[in-house]
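To start, the structure under review is shown below, and the notes come after it.
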Amino acid sequence: MTDLRNFKPQAIIFDKDGTLIDFDAMWGGWTLYLAEQLRDVSGQDVKQALCFAMGYDQISKKVRADGKLASNPMSYLYELTIEVMCSAGLSRQDATKVVETAWCIPDPVVLSKPFTDLRNLFSQLHKLGIKIAIATADDRAPSQAMIEAFDVEDYISCMVCADDGIPSKPAPDMMLSLCKRMNVDPSKVMVIGDTTSDLQMARAANAGLAVGVLSGVSSAKDLVAFADVIIDSIDDLHAYLEHLAENELPNSQNGLNPDFAF
């Protein structure tokens, strides 16, 4: 990793859930609430079955890295919920009606818990001339509501979401689309995410730097095969940006020090 010491990105592409905000709080809370809604509509207590299907551990209050919640879009989770209701004894038709009535999306304001002061972090990036983008497996409406709630919309150049019709991670399409919109070569981009899908997307698109964060569903063991650098959370980026600011050169070639990151 010595050759990455002088890498400064022209843009950073962030994953959302598990990277910018607490994944377990958002999606675990949503799964439990959805189970309550399904029970109220159908009279069936499917909490245990739904949590198992989604990949949420009620005891540890953690989303499993290999679970369906970790990297699948809402459209997939919707169909999965219908299957759960079918497994409870409902016909496909009845299960579909129940899910249609009970379905809800996570509250992007109430359930969103950021890992750092996002406005401060994005402001620092903006001052350094580093563009900001988001690539998420969540849908656009809740993602937009989240960035508005944290008052960071003005700092974000662009965003791609699960319902935009672009092949999702680990395919490279989301990243390549963002790079095209920002007019930035992928080799000049840092990708930060908490899942192997995030980092595989970065690799497939030939990103300049793939950064894994341990704040989400994955362990260092999960990420190490795909990450150039692993950090605890995006809160660590504040020190990195201070380093960039202090060592800024006219040709803007300073960058992430792997010794710091590890």
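Residue numbering restarts at 1 for every chain of the structure tokens, chains are lettered A, B, ... in their displayed order, and ligands are numbered from 1 as they appear.
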Who sits within 9 Å of stretch 174-188 of chain A, only C-alpha atoms, same chain under 3 positions skipped, as a ChimeraX atom specification: /A:7-13,131,133-136,157-161,166-171,191,201-202,205-209
Written file, previous selection with N, CA and C atoms, as a CSV table (one decimal), in the first residue's frame:
chain,number,residue,atom,x,y,z
A,7,PHE,N,-2.1,9.5,-2.6
A,7,PHE,CA,-3.4,9.6,-3.4
A,7,PHE,C,-4.3,10.6,-2.7
A,8,LYS,N,-4.7,11.6,-3.5
A,8,LYS,CA,-5.8,12.5,-3.0
A,8,LYS,C,-6.9,12.3,-4.0
A,9,PRO,N,-8.1,12.0,-3.6
A,9,PRO,CA,-9.2,11.8,-4.5
A,9,PRO,C,-9.8,13.1,-5.0
A,10,GLN,N,-10.3,13.1,-6.2
A,10,GLN,CA,-11.0,14.2,-6.8
A,10,GLN,C,-12.5,14.1,-6.3
A,11,ALA,N,-12.9,12.9,-6.0
A,11,ALA,CA,-14.3,12.7,-5.5
A,11,ALA,C,-14.3,11.5,-4.6
A,12,ILE,N,-15.2,11.5,-3.6
A,12,ILE,CA,-15.5,10.3,-2.8
A,12,ILE,C,-16.9,9.9,-3.0
A,13,ILE,N,-17.1,8.6,-3.2
A,13,ILE,CA,-18.4,8.0,-3.3
A,13,ILE,C,-18.7,7.2,-2.0
A,131,LYS,N,-15.2,16.3,-4.5
A,131,LYS,CA,-16.6,16.1,-4.8
A,131,LYS,C,-17.2,15.0,-4.0
A,133,ALA,N,-20.4,12.1,-3.6
A,133,ALA,CA,-21.5,11.4,-4.2
A,133,ALA,C,-21.9,10.2,-3.3
A,134,ILE,N,-23.1,9.7,-3.5
A,134,ILE,CA,-23.7,8.6,-2.7
A,134,ILE,C,-24.2,7.5,-3.7
A,135,ALA,N,-23.8,6.2,-3.4
A,135,ALA,CA,-24.3,5.1,-4.1
A,135,ALA,C,-24.9,4.2,-3.1
A,136,THR,N,-26.3,4.0,-3.1
A,136,THR,CA,-27.0,3.2,-2.1
A,136,THR,C,-27.9,2.2,-2.7
A,157,SER,N,-22.8,16.2,-4.9
A,157,SER,CA,-22.9,16.4,-6.4
A,157,SER,C,-24.0,15.6,-7.0
A,158,CYS,N,-24.1,14.3,-6.6
A,158,CYS,CA,-25.1,13.4,-7.2
A,158,CYS,C,-25.2,12.1,-6.4
A,159,MET,N,-26.3,11.4,-6.7
A,159,MET,CA,-26.6,10.2,-5.9
A,159,MET,C,-27.3,9.2,-6.9
A,160,VAL,N,-26.9,7.9,-6.7
A,160,VAL,CA,-27.7,6.8,-7.4
A,160,VAL,C,-28.3,5.9,-6.4
A,161,CYS,N,-29.5,5.5,-6.6
A,161,CYS,CA,-30.3,4.7,-5.7
A,161,CYS,C,-30.8,3.4,-6.3
A,166,ILE,N,-30.5,1.4,-12.5
A,166,ILE,CA,-29.1,1.2,-12.7
A,166,ILE,C,-28.7,-0.1,-12.0
A,167,PRO,N,-28.0,-1.1,-12.7
A,167,PRO,CA,-27.6,-2.3,-12.0
A,167,PRO,C,-26.9,-2.0,-10.7
A,168,SER,N,-27.3,-2.6,-9.6
A,168,SER,CA,-26.8,-2.3,-8.3
A,168,SER,C,-25.4,-3.0,-8.0
A,169,LYS,N,-24.9,-2.6,-6.9
A,169,LYS,CA,-23.6,-3.3,-6.4
A,169,LYS,C,-23.8,-4.8,-6.3
A,170,PRO,N,-22.8,-5.6,-6.6
A,170,PRO,CA,-21.4,-5.2,-6.8
A,170,PRO,C,-21.0,-4.9,-8.2
A,171,ALA,N,-22.0,-4.8,-9.1
A,171,ALA,CA,-21.8,-4.3,-10.5
A,171,ALA,C,-21.1,-2.9,-10.4
A,191,VAL,N,-13.8,5.2,-2.9
A,191,VAL,CA,-15.1,4.6,-2.6
A,191,VAL,C,-15.1,4.1,-1.1
A,201,MET,N,-17.8,-3.3,-6.1
A,201,MET,CA,-18.2,-2.3,-7.1
A,201,MET,C,-17.0,-1.4,-7.4
A,202,ALA,N,-16.3,-1.0,-6.4
A,202,ALA,CA,-15.1,-0.1,-6.5
A,202,ALA,C,-14.0,-0.8,-7.4
A,205,ALA,N,-15.1,-1.2,-11.1
A,205,ALA,CA,-15.0,0.1,-11.8
A,205,ALA,C,-13.6,0.7,-11.8
A,206,ASN,N,-12.6,0.0,-11.3
A,206,ASN,CA,-11.3,0.5,-11.2
A,206,ASN,C,-11.1,1.8,-10.4
A,207,ALA,N,-11.7,1.8,-9.3
A,207,ALA,CA,-11.6,3.0,-8.4
A,207,ALA,C,-10.2,3.2,-7.9
A,208,GLY,N,-9.8,4.4,-7.7
A,208,GLY,CA,-8.4,4.7,-7.2
A,208,GLY,C,-8.2,4.1,-5.8
A,209,LEU,N,-9.2,4.1,-4.9
A,209,LEU,CA,-9.0,3.6,-3.6
A,209,LEU,C,-10.4,3.0,-3.1
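Within 6 Å of stretch 229-242 of chain A there are Thr116, Val211, Gly212, Val213, Leu214, Ser215, Ala227, Leu244, Ala245 and Ala261 of chain A, counting only C-alpha atoms and ignoring same-chain residues fewer than 2 positions away.
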Using only N, CA and C atoms, please write the residues we just selected to a file, as a PDB file, in the first residue's frame.
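The resulting result.pdb:
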ATOM      1  N   THR A 116     -21.040  10.465  12.280  1.00  0.00           N
ATOM      2  CA  THR A 116     -20.248  11.662  12.557  1.00  0.00           C
ATOM      3  C   THR A 116     -21.107  12.867  12.192  1.00  0.00           C
ATOM      4  N   VAL A 211     -12.126   1.833   0.286  1.00  0.00           N
ATOM      5  CA  VAL A 211     -11.983   1.952   1.736  1.00  0.00           C
ATOM      6  C   VAL A 211     -13.141   1.229   2.422  1.00  0.00           C
ATOM      7  N   GLY A 212     -12.808   0.251   3.250  1.00  0.00           N
ATOM      8  CA  GLY A 212     -13.823  -0.454   4.017  1.00  0.00           C
ATOM      9  C   GLY A 212     -13.977   0.167   5.392  1.00  0.00           C
ATOM     10  N   VAL A 213     -15.227   0.289   5.858  1.00  0.00           N
ATOM     11  CA  VAL A 213     -15.483   0.794   7.206  1.00  0.00           C
ATOM     12  C   VAL A 213     -16.111  -0.305   8.056  1.00  0.00           C
ATOM     13  N   LEU A 214     -15.752  -0.331   9.334  1.00  0.00           N
ATOM     14  CA  LEU A 214     -16.215  -1.371  10.244  1.00  0.00           C
ATOM     15  C   LEU A 214     -17.452  -0.960  11.034  1.00  0.00           C
ATOM     16  N   SER A 215     -18.091   0.106  10.603  1.00  0.00           N
ATOM     17  CA  SER A 215     -19.259   0.626  11.320  1.00  0.00           C
ATOM     18  C   SER A 215     -20.559  -0.044  10.899  1.00  0.00           C
ATOM     19  N   ALA A 227     -10.564  -4.517   0.212  1.00  0.00           N
ATOM     20  CA  ALA A 227     -10.250  -3.140   0.612  1.00  0.00           C
ATOM     21  C   ALA A 227      -8.773  -2.813   0.456  1.00  0.00           C
ATOM     22  N   LEU A 244      -4.688  16.248   5.004  1.00  0.00           N
ATOM     23  CA  LEU A 244      -4.678  16.777   3.638  1.00  0.00           C
ATOM     24  C   LEU A 244      -4.515  18.296   3.634  1.00  0.00           C
ATOM     25  N   ALA A 245      -5.272  18.953   4.495  1.00  0.00           N
ATOM     26  CA  ALA A 245      -5.244  20.414   4.542  1.00  0.00           C
ATOM     27  C   ALA A 245      -3.860  20.936   4.943  1.00  0.00           C
ATOM     28  N   ALA A 261      -4.524   4.964   8.462  1.00  0.00           N
ATOM     29  CA  ALA A 261      -5.789   4.242   8.305  1.00  0.00           C
ATOM     30  C   ALA A 261      -5.831   2.963   9.097  1.00  0.00           C
TER      31      ALA A 261
END
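Taking atom CA of A:Gly55 and atom CA of A:Ala149 as the two end points, the separation is 27.5 Å.
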Residue set, stretch 71-238 of chain A restricted to strand (DSSP E), as a PyMOL selection string: chain A and resi 131-135+158-160+189-193+209-213+229-231
Write out as a PyMOL selection string the residues lying within 10 Å of A:Trp103, counting only C-alpha atoms and excluding same-chain residues fewer than 6 positions away. chain A and resi 33-35+37-38+78+81+97
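The residue set within 7 Å of A:Tyr155, counting only C-alpha atoms and dropping same-chain residues fewer than 5 places from it, reads Phe122, His126 and Ile132 of chain A.
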Export C-alpha atoms of the chosen residues as a PDB file, in the first residue's frame?
ATOM      1  CA  PHE A 122     -18.857  17.294   3.939  1.00  0.00           C
ATOM      2  CA  HIS A 126     -15.958  20.782  -0.105  1.00  0.00           C
ATOM      3  CA  ILE A 132     -19.163  14.008  -2.865  1.00  0.00           C
TER       4      ILE A 132
END
To test your reading of the structure, identify every residue in stretch 105-193 of chain A that backbone DSSP assigns to helix (DSSP H, G or I), and report it as number ranges by chain. A: 118-127, 140-149, 153-155, 162-164, 173-182, 186-188
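The nearest approach to A:Val110 among the residues A:Ile59, A:Leu77, A:Glu246, A:Pro142, with only C-alpha atoms taken into account, belongs to A:Pro142.
Proximity ranking of A:Tyr76, A:Trp30, A:Phe226, A:Phe115 relative to A:Lys61 places A:Trp30 first, based on only C-alpha atoms.
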Quick one: everything within 12 Å of A:Asp138, counting only C-alpha atoms, minus sequence neighbours fewer than 2 positions away in the same chain. Send it as a PyMOL selection string. chain A and resi 15-18+23+26-27+69-77+105-106+108+134-136+140-146+159-164+168-169
Store the residues picked out above in a file with C-alpha atoms, as a compact mmCIF listing (two decimals), in the first residue's frame.
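Final output, saved to part28.txt:
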# COMPACT_ATOMS: atom_id res chain seq x y z
CA ASP A 15 -22.35 4.09 0.63
CA LYS A 16 -25.24 5.24 2.85
CA ASP A 17 -26.49 2.65 5.35
CA GLY A 18 -23.71 1.30 7.55
CA PHE A 23 -27.38 0.36 9.58
CA MET A 26 -32.23 1.93 10.65
CA TRP A 27 -32.99 -1.50 9.28
CA LEU A 69 -31.05 -6.63 4.52
CA ALA A 70 -27.36 -6.03 4.02
CA SER A 71 -27.35 -5.22 0.32
CA ASN A 72 -30.72 -5.82 -1.34
CA PRO A 73 -33.10 -3.14 -2.65
CA MET A 74 -36.57 -2.52 -1.22
CA SER A 75 -38.25 -4.24 -4.17
CA TYR A 76 -36.48 -7.47 -3.24
CA LEU A 77 -37.35 -7.10 0.46
CA ILE A 105 -40.44 2.25 4.39
CA PRO A 106 -37.93 3.12 7.12
CA PRO A 108 -35.27 8.29 7.20
CA ILE A 134 -23.66 8.58 -2.73
CA ALA A 135 -24.31 5.08 -4.09
CA THR A 136 -26.95 3.25 -2.09
CA ARG A 140 -34.38 7.49 -3.73
CA ALA A 141 -37.24 8.95 -1.66
CA PRO A 142 -35.92 7.89 1.78
CA SER A 143 -32.33 8.62 0.74
CA GLN A 144 -33.28 12.13 -0.35
CA ALA A 145 -35.21 12.66 2.89
CA MET A 146 -32.16 11.64 4.91
CA MET A 159 -26.59 10.18 -5.93
CA VAL A 160 -27.66 6.83 -7.40
CA CYS A 161 -30.27 4.67 -5.69
CA ALA A 162 -31.76 1.20 -6.00
CA ASP A 163 -34.85 2.36 -7.87
CA ASP A 164 -32.98 4.45 -10.45
CA SER A 168 -26.76 -2.32 -8.31
CA LYS A 169 -23.63 -3.27 -6.41
